[in-house]
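Structure file start-v2.csv; described as CSV, C-alpha atoms (C1' of nucleotides).
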```csv
chain,number,residue,atom,x,y,z
A,11,MET,CA,0.0,0.0,0.0
A,12,SER,CA,1.3,3.4,-1.0
A,13,ASN,CA,0.6,6.6,0.8
A,14,ALA,CA,2.1,8.8,-1.9
A,15,ARG,CA,-0.1,11.6,-2.9
A,16,PRO,CA,0.5,12.6,-6.5
A,17,GLY,CA,0.3,16.3,-7.1
A,18,ALA,CA,0.7,17.2,-3.4
A,19,PRO,CA,3.2,19.9,-2.6
A,20,ALA,CA,6.7,18.6,-1.6
A,21,ALA,CA,6.2,20.0,1.9
A,22,ALA,CA,2.9,18.1,2.5
A,23,VAL,CA,2.5,16.2,5.7
A,24,THR,CA,3.1,12.6,4.7
A,25,TRP,CA,3.5,9.5,6.7
A,26,GLN,CA,7.2,9.4,5.7
A,27,ASN,CA,7.7,13.0,7.1
A,28,SER,CA,5.7,12.3,10.2
A,29,LEU,CA,7.6,9.1,11.1
A,30,GLN,CA,10.9,10.7,10.2
A,31,THR,CA,10.1,13.6,12.5
A,32,TYR,CA,9.2,11.2,15.3
A,33,TYR,CA,12.4,9.4,14.9
A,34,ASP,CA,14.6,12.5,14.7
A,35,THR,CA,12.9,14.1,17.7
A,36,LEU,CA,13.2,11.0,19.9
A,37,TYR,CA,16.8,10.3,18.8
A,38,ALA,CA,17.7,13.9,19.6
A,39,ALA,CA,16.1,13.6,23.0
A,40,TYR,CA,17.4,10.3,24.1
A,41,GLY,CA,20.2,9.2,21.8
A,42,PRO,CA,21.0,5.6,21.0
A,43,GLN,CA,19.3,3.0,23.2
A,44,HIS,CA,21.5,0.0,22.5
A,45,TRP,CA,18.7,-2.5,22.6
A,46,TRP,CA,18.0,-5.4,23.2
A,47,PRO,CA,19.6,-6.2,26.5
A,48,GLY,CA,20.9,-9.7,26.2
A,49,ARG,CA,24.2,-11.5,25.8
A,50,SER,CA,23.1,-14.0,23.2
A,51,ARG,CA,20.4,-14.4,20.6
A,52,PHE,CA,18.7,-17.1,22.7
A,53,GLU,CA,18.8,-14.9,25.8
A,54,VAL,CA,17.1,-12.1,23.8
A,55,ILE,CA,14.4,-14.6,22.8
A,56,VAL,CA,14.0,-15.7,26.5
A,57,GLY,CA,13.7,-12.0,27.5
A,58,ALA,CA,11.1,-11.4,24.8
A,59,ILE,CA,8.9,-14.1,26.2
A,60,LEU,CA,9.5,-13.3,29.9
A,61,THR,CA,8.7,-9.6,29.4
A,62,GLN,CA,5.2,-10.1,28.0
A,63,ASN,CA,3.0,-7.7,29.8
A,64,THR,CA,5.6,-7.4,32.5
A,65,ALA,CA,8.1,-4.8,33.6
A,66,TRP,CA,11.7,-5.5,32.6
A,67,THR,CA,12.8,-5.1,36.2
A,68,ASN,CA,10.9,-8.3,37.0
A,69,VAL,CA,12.5,-10.1,34.1
A,70,GLU,CA,16.1,-9.4,35.1
A,71,PRO,CA,16.2,-11.7,38.2
A,72,ALA,CA,14.6,-14.5,36.2
A,73,ILE,CA,17.3,-14.3,33.5
A,74,ALA,CA,20.0,-14.1,36.1
A,75,ASN,CA,18.7,-17.3,37.7
A,76,LEU,CA,18.7,-19.0,34.4
A,77,ARG,CA,22.2,-17.9,33.7
A,78,ARG,CA,23.4,-19.0,37.1
A,79,GLU,CA,21.9,-22.5,36.5
A,80,ASN,CA,23.3,-22.7,33.0
A,81,LEU,CA,19.9,-22.9,31.5
A,82,LEU,CA,20.2,-20.2,28.8
A,83,THR,CA,20.4,-22.7,25.9
A,84,PRO,CA,17.5,-24.3,24.0
A,85,ALA,CA,18.6,-27.8,25.0
A,86,ALA,CA,18.8,-26.9,28.7
A,87,ILE,CA,15.4,-25.4,28.6
A,88,GLU,CA,14.0,-28.6,27.2
A,89,ALA,CA,15.8,-30.8,29.7
A,90,VAL,CA,15.0,-28.9,32.9
A,91,SER,CA,11.9,-29.9,34.7
A,92,PHE,CA,8.8,-27.7,34.4
A,93,VAL,CA,8.5,-27.1,38.1
A,94,ARG,CA,12.1,-26.0,38.4
A,95,LEU,CA,12.0,-23.8,35.4
A,96,ALA,CA,8.8,-22.2,36.6
A,97,ARG,CA,10.4,-21.6,40.1
A,98,LEU,CA,13.5,-19.9,38.6
A,99,ILE,CA,11.5,-17.5,36.5
A,100,ARG,CA,8.9,-16.7,39.2
A,101,SER,CA,9.8,-13.0,39.4
A,102,SER,CA,8.7,-12.4,35.8
A,103,GLY,CA,5.1,-13.2,36.6
A,104,TYR,CA,2.7,-15.6,34.8
A,105,PHE,CA,5.6,-18.0,35.6
A,106,ARG,CA,3.7,-21.3,34.8
A,107,GLN,CA,2.5,-19.8,31.5
A,108,LYS,CA,6.0,-18.6,30.6
A,109,ALA,CA,7.7,-21.8,31.6
A,110,LYS,CA,5.4,-23.6,29.1
A,111,LYS,CA,6.2,-21.0,26.5
A,112,LEU,CA,9.9,-21.3,26.9
A,113,LYS,CA,9.7,-25.0,26.5
A,114,ALA,CA,7.4,-24.7,23.5
A,115,PHE,CA,10.0,-22.5,21.7
A,116,ALA,CA,12.9,-24.7,22.5
A,117,ARG,CA,11.0,-27.7,21.2
A,118,PHE,CA,10.0,-25.8,18.1
A,119,LEU,CA,13.6,-24.8,17.4
A,120,ARG,CA,14.9,-28.4,17.8
A,121,ARG,CA,12.2,-29.9,15.6
A,122,GLU,CA,12.2,-27.3,12.9
A,123,TYR,CA,15.8,-26.1,12.8
A,124,ALA,CA,17.8,-28.8,14.6
A,125,GLY,CA,18.1,-26.5,17.6
A,126,SER,CA,20.1,-23.9,15.6
A,127,LEU,CA,19.1,-20.2,15.7
A,128,THR,CA,21.6,-19.5,12.9
A,129,GLN,CA,19.6,-22.0,10.8
A,130,MET,CA,16.3,-20.6,11.9
A,131,PHE,CA,17.2,-17.0,11.1
A,132,LYS,CA,18.2,-18.0,7.5
A,133,ALA,CA,14.6,-18.4,6.8
A,134,PRO,CA,12.8,-15.5,5.0
A,135,SER,CA,11.2,-13.0,7.4
A,136,THR,CA,7.6,-13.6,6.4
A,137,GLU,CA,7.8,-17.4,6.4
A,138,LEU,CA,9.6,-17.5,9.7
A,139,ARG,CA,7.1,-15.0,11.2
A,140,ASP,CA,4.2,-17.3,10.3
A,141,LYS,CA,6.0,-20.2,11.8
A,142,LEU,CA,6.8,-18.4,15.0
A,143,LEU,CA,3.1,-17.3,15.4
A,144,ASP,CA,2.2,-21.0,15.4
A,145,VAL,CA,4.3,-21.6,18.5
A,146,HIS,CA,2.4,-21.5,21.8
A,147,GLY,CA,3.1,-18.3,23.6
A,148,ILE,CA,4.4,-16.3,20.6
A,149,GLY,CA,2.1,-13.6,19.4
A,150,PRO,CA,2.8,-10.8,16.9
A,151,GLU,CA,4.9,-8.6,19.2
A,152,THR,CA,7.0,-11.4,20.5
A,153,ALA,CA,7.5,-12.8,17.0
A,154,ASP,CA,8.6,-9.5,15.7
A,155,SER,CA,10.9,-8.9,18.6
A,156,ILE,CA,12.6,-12.2,18.0
A,157,LEU,CA,12.9,-11.4,14.3
A,158,LEU,CA,14.3,-7.9,14.8
A,159,TYR,CA,16.3,-8.1,18.0
A,160,ALA,CA,17.6,-11.6,18.0
A,161,GLY,CA,17.7,-12.2,14.2
A,162,GLY,CA,18.4,-8.8,12.7
A,163,HIS,CA,15.5,-9.1,10.3
A,164,PRO,CA,14.0,-5.7,9.2
A,165,VAL,CA,10.6,-6.1,10.9
A,166,PHE,CA,9.0,-3.3,12.9
A,167,VAL,CA,7.9,-4.1,16.5
A,168,VAL,CA,4.6,-2.6,17.5
A,169,ASP,CA,3.8,-2.6,21.2
A,170,ALA,CA,1.3,-1.0,23.6
A,171,TYR,CA,3.4,2.2,23.7
A,172,THR,CA,3.6,2.5,19.9
A,173,ARG,CA,-0.2,2.3,19.7
A,174,ARG,CA,-0.8,4.6,22.6
A,175,ILE,CA,1.5,7.3,21.3
A,176,LEU,CA,0.3,7.2,17.8
A,177,GLU,CA,-3.3,7.4,19.0
A,178,ARG,CA,-2.6,10.3,21.2
A,179,HIS,CA,-1.1,12.2,18.3
A,180,ARG,CA,-4.0,11.3,16.1
A,181,LEU,CA,-1.7,9.3,13.7
A,182,ALA,CA,-3.6,6.1,14.3
A,183,ALA,CA,-7.2,5.3,15.1
A,184,GLU,CA,-8.1,3.0,18.0
A,185,ASN,CA,-9.4,0.3,15.7
A,186,GLN,CA,-6.1,-0.2,13.8
A,187,THR,CA,-4.8,-3.7,14.1
A,188,TYR,CA,-1.3,-4.7,15.0
A,189,ASP,CA,-0.5,-5.4,11.4
A,190,ASP,CA,-2.0,-2.1,10.3
A,191,ILE,CA,0.4,-0.2,12.5
A,192,ARG,CA,3.4,-2.4,11.5
A,193,ALA,CA,2.7,-1.8,7.9
A,194,LEU,CA,2.5,1.9,8.5
A,195,PHE,CA,6.1,1.9,9.7
A,196,GLU,CA,7.4,-0.7,7.3
A,197,SER,CA,6.0,0.9,4.2
A,198,ASN,CA,7.0,4.4,5.1
A,199,LEU,CA,10.5,3.9,6.4
A,200,PRO,CA,13.6,2.4,4.7
A,201,LYS,CA,13.7,-1.4,5.3
A,202,ASP,CA,16.5,-1.1,7.8
A,203,ALA,CA,16.8,-3.3,10.9
A,204,ALA,CA,19.1,-0.9,12.7
A,205,LEU,CA,16.6,1.9,12.2
A,206,TYR,CA,13.6,-0.2,13.3
A,207,ASN,CA,15.7,-1.4,16.3
A,208,GLU,CA,16.5,2.1,17.5
A,209,PHE,CA,13.0,3.5,16.7
A,210,HIS,CA,11.1,0.9,18.7
A,211,ALA,CA,13.5,1.3,21.6
A,212,LEU,CA,13.1,5.1,21.5
A,213,ILE,CA,9.3,4.7,21.5
A,214,VAL,CA,9.4,2.4,24.5
A,215,GLN,CA,11.6,4.8,26.4
A,216,THR,CA,9.3,7.7,25.6
A,217,GLY,CA,6.2,5.6,26.5
A,218,LYS,CA,7.7,4.7,29.9
A,219,ASN,CA,8.5,8.3,30.7
A,220,TYR,CA,5.4,10.1,29.4
A,221,CYS,CA,2.7,7.9,28.0
A,222,ARG,CA,1.5,5.7,30.8
A,223,PRO,CA,-2.2,5.7,31.7
A,224,ARG,CA,-3.2,8.7,33.8
A,225,ASN,CA,0.3,10.2,33.7
A,226,PRO,CA,0.0,14.0,33.8
A,227,ARG,CA,3.6,14.2,32.6
A,228,CYS,CA,2.4,13.3,29.1
A,229,VAL,CA,2.3,17.1,28.4
A,230,GLU,CA,6.1,17.1,28.7
A,231,CYS,CA,6.6,14.5,26.0
A,232,PRO,CA,9.3,15.5,23.5
A,233,LEU,CA,6.9,14.7,20.7
A,234,GLY,CA,4.6,17.4,22.0
A,235,PRO,CA,1.6,17.0,24.3
A,236,LEU,CA,-0.9,16.7,21.6
A,237,LEU,CA,-1.3,17.3,17.9
A,238,PRO,CA,-5.1,17.6,17.7
A,239,GLU,CA,-4.8,20.4,15.1
A,240,ARG,CA,-3.2,18.0,12.7
A,241,GLU,CA,-5.7,16.3,10.6
A,242,MET,CA,-5.8,12.5,10.4
A,243,LEU,CA,-3.6,11.5,7.5
A,244,PRO,CA,-5.1,9.4,4.8
B,6,DT,C1',-3.8,0.2,48.8
B,7,DG,C1',-4.7,-0.4,44.0
B,8,DC,C1',-2.9,0.1,39.6
B,9,DC,C1',0.3,-1.0,36.2
B,10,DA,C1',3.9,-3.5,33.3
B,11,DG,C1',7.8,-3.8,26.3
B,12,DG,C1',1.0,-10.0,25.7
B,13,DC,C1',-1.0,-14.2,24.6
B,14,DC,C1',-4.3,-18.1,24.9
B,15,DG,C1',-8.7,-20.3,24.8
B,16,DG,C1',-13.5,-20.2,24.8
B,17,DG,C1',-17.4,-17.6,23.8
B,18,DT,C1',-20.4,-14.7,20.7
C,21,DA,C1',-13.7,-11.5,13.1
C,22,DC,C1',-13.8,-9.5,17.6
C,23,DC,C1',-14.4,-9.8,22.9
C,24,DC,C1',-13.3,-11.3,27.4
C,25,DG,C1',-11.4,-13.6,31.6
C,26,DG,C1',-7.3,-15.7,33.1
C,27,DC,C1',-2.6,-15.7,33.9
C,28,DA,C1',1.1,-13.5,38.6
C,29,DT,C1',5.0,-11.0,40.4
C,30,DG,C1',7.2,-6.7,42.1
C,31,DG,C1',7.4,-1.4,42.1
C,32,DC,C1',5.4,2.8,42.9
```
What would the structure in this file look like if it were written as structure tokens?
Amino acid sequence: MSNARPGAPAAAVTWQNSLQTYYDTLYAAYGPQHWWPGRSRFEVIVGAILTQNTAWTNVEPAIANLRRENLLTPAAIEAVSFVRLARLIRSSGYFRQKAKKLKAFARFLRREYAGSLTQMFKAPSTELRDKLLDVHGIGPETADSILLYAGGHPVFVVDAYTRRILERHRLAAENQTYDDIRALFESNLPKDAALYNEFHALIVQTGKNYCRPRNPRCVECPLGPLLPEREMLP
DNA sequence: TGCCAGGCCGGGT
DNA sequence: ACCCGGCATGGC
């Protein structure tokens, strides 16, 4: 889908311009974020699952426990007992659900790619994304986080903050789906993993600071408190 | 104290 | 195709 508007003046407000302005503004405000925190691709994937609807501060002790017990490999995750795994990741919340999810991913990786992330990430983005979405516990955001932050695939990660910020600035309607918003970024920015990586990280940083529910500080957001005067873009 | 966090699943309309 | 309840800990 193209949002080009033939005949429009060069200075017209376009998605390209709006998103570029977002990025430039946030980068100027915060600088590089150096995401994702993780020492290996597998650790990044573990973090992506453990942080689902959970503060990262609750994930850190869980990852530290897994590292201490030498469980940050797919084979070890499959081998460890469910009860012990769940106990070690308790701090991340939903710990029984997440133990099941970690085991589901490790099993998937072994059966589909001989346990090799290198092999897995050789698959084309769209094909791999579909396969990841079939794994228990991996939804759109987790799949895209894995593709981008563990695999370096140019896939834009949409999260609650992305949606919230875009809605507040009238750049997205409330009924936009996950894939609508992802397409918005991917079709209006260069297909560049480093850019998507940095952009999403900057959005989360901004969201944490200014765009939580009932946070009066939202008026101090570097992106501006509101852009109601800007019309909804086509 | 209650609300919130970098979602997702399964069962119901 | 949506809509909703459940999942759970730790910080403010």
How close does each residue of chain A get to chain B, giving the shortest atom pair and distance in Å to one decimal for every residue with an atom at most 10 Å away, counting only C-alpha atoms (C1' of nucleotides), sorted by chain and residue number, as CSV?
```
residue,atom,partner,partner_atom,distance
A:Ala58,CA,B:DG11,C1',8.4
A:Ile59,CA,B:DG12,C1',8.9
A:Thr61,CA,B:DG11,C1',6.6
A:Gln62,CA,B:DG12,C1',4.8
A:Asn63,CA,B:DG12,C1',5.1
A:Thr64,CA,B:DA10,C1',4.3
A:Ala65,CA,B:DA10,C1',4.4
A:Trp66,CA,B:DG11,C1',7.6
A:Thr67,CA,B:DA10,C1',9.5
A:Asn68,CA,B:DA10,C1',9.3
A:Gln107,CA,B:DC13,C1',9.6
A:His146,CA,B:DC14,C1',8.1
A:Gly147,CA,B:DC13,C1',5.9
A:Ile148,CA,B:DC13,C1',7.0
A:Gly149,CA,B:DC13,C1',6.1
A:Pro150,CA,B:DG12,C1',9.0
A:Glu151,CA,B:DG12,C1',7.7
A:Thr152,CA,B:DG12,C1',8.1
A:Ser155,CA,B:DG11,C1',9.7
A:Val167,CA,B:DG11,C1',9.8
A:Val168,CA,B:DG11,C1',9.4
A:Asp169,CA,B:DG11,C1',6.6
A:Ala170,CA,B:DG11,C1',7.6
A:Tyr171,CA,B:DG11,C1',7.9
A:Thr172,CA,B:DG11,C1',9.9
A:His210,CA,B:DG11,C1',9.5
A:Ala211,CA,B:DG11,C1',9.0
A:Ile213,CA,B:DG11,C1',9.9
A:Val214,CA,B:DG11,C1',6.7
A:Gln215,CA,B:DG11,C1',9.4
A:Gly217,CA,B:DG11,C1',9.5
A:Lys218,CA,B:DG11,C1',9.2
A:Arg222,CA,B:DC9,C1',8.7
A:Pro223,CA,B:DC9,C1',8.4
```
What would the file look like if the residues just selected were written as a PDB file, in the coordinates of the input with C-alpha atoms?
```pdb
ATOM      1  CA  ALA A  58      11.100 -11.400  24.800  1.00  0.00           C
ATOM      2  CA  ILE A  59       8.900 -14.100  26.200  1.00  0.00           C
ATOM      3  CA  THR A  61       8.700  -9.600  29.400  1.00  0.00           C
ATOM      4  CA  GLN A  62       5.200 -10.100  28.000  1.00  0.00           C
ATOM      5  CA  ASN A  63       3.000  -7.700  29.800  1.00  0.00           C
ATOM      6  CA  THR A  64       5.600  -7.400  32.500  1.00  0.00           C
ATOM      7  CA  ALA A  65       8.100  -4.800  33.600  1.00  0.00           C
ATOM      8  CA  TRP A  66      11.700  -5.500  32.600  1.00  0.00           C
ATOM      9  CA  THR A  67      12.800  -5.100  36.200  1.00  0.00           C
ATOM     10  CA  ASN A  68      10.900  -8.300  37.000  1.00  0.00           C
ATOM     11  CA  GLN A 107       2.500 -19.800  31.500  1.00  0.00           C
ATOM     12  CA  HIS A 146       2.400 -21.500  21.800  1.00  0.00           C
ATOM     13  CA  GLY A 147       3.100 -18.300  23.600  1.00  0.00           C
ATOM     14  CA  ILE A 148       4.400 -16.300  20.600  1.00  0.00           C
ATOM     15  CA  GLY A 149       2.100 -13.600  19.400  1.00  0.00           C
ATOM     16  CA  PRO A 150       2.800 -10.800  16.900  1.00  0.00           C
ATOM     17  CA  GLU A 151       4.900  -8.600  19.200  1.00  0.00           C
ATOM     18  CA  THR A 152       7.000 -11.400  20.500  1.00  0.00           C
ATOM     19  CA  SER A 155      10.900  -8.900  18.600  1.00  0.00           C
ATOM     20  CA  VAL A 167       7.900  -4.100  16.500  1.00  0.00           C
ATOM     21  CA  VAL A 168       4.600  -2.600  17.500  1.00  0.00           C
ATOM     22  CA  ASP A 169       3.800  -2.600  21.200  1.00  0.00           C
ATOM     23  CA  ALA A 170       1.300  -1.000  23.600  1.00  0.00           C
ATOM     24  CA  TYR A 171       3.400   2.200  23.700  1.00  0.00           C
ATOM     25  CA  THR A 172       3.600   2.500  19.900  1.00  0.00           C
ATOM     26  CA  HIS A 210      11.100   0.900  18.700  1.00  0.00           C
ATOM     27  CA  ALA A 211      13.500   1.300  21.600  1.00  0.00           C
ATOM     28  CA  ILE A 213       9.300   4.700  21.500  1.00  0.00           C
ATOM     29  CA  VAL A 214       9.400   2.400  24.500  1.00  0.00           C
ATOM     30  CA  GLN A 215      11.600   4.800  26.400  1.00  0.00           C
ATOM     31  CA  GLY A 217       6.200   5.600  26.500  1.00  0.00           C
ATOM     32  CA  LYS A 218       7.700   4.700  29.900  1.00  0.00           C
ATOM     33  CA  ARG A 222       1.500   5.700  30.800  1.00  0.00           C
ATOM     34  CA  PRO A 223      -2.200   5.700  31.700  1.00  0.00           C
TER      35      PRO A 223
END
```
Task: Nearest-residue call for chain C, choices A:Ala22, A:Ala86, A:Ala74, A:Ile99, using only C-alpha atoms (C1' of nucleotides) - done: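 Ranking A:Ala22, A:Ala86, A:Ala74, A:Ile99 by distance to chain C, first place goes to A:Ile99.
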Selection: 6 Å around region 24-30 of chain C, all atoms listed in the file, excl. self and same-chain fewer than 5 positions, as a PDB file with C-alpha atoms, keeping the file's coordinate frame:
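Output (around05.pdb):
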```pdb
ATOM      1  CA  SER A 101       9.800 -13.000  39.400  1.00  0.00           C
ATOM      2  CA  GLY A 103       5.100 -13.200  36.600  1.00  0.00           C
ATOM      3  CA  TYR A 104       2.700 -15.600  34.800  1.00  0.00           C
TER       4      TYR A 104
END
```
Task: Distance of CA of Arg173 (chain A) from CA of Val69 (chain A), expressed in Å to one decimal place - done: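 Separation of CA of Val69 (chain A) and CA of Arg173 (chain A): 22.9 Å.
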- [ ] Between CA of Glu230 (chain A) and CA of Leu181 (chain A), measure the distance and give it in Å to one decimal.
- [x]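 If I compute the distance from CA of Glu230 (chain A) to CA of Leu181 (chain A), I get 18.6 Å.
The space between CA of Arg192 (chain A) and CA of Thr128 (chain A) spans 25.0 Å.
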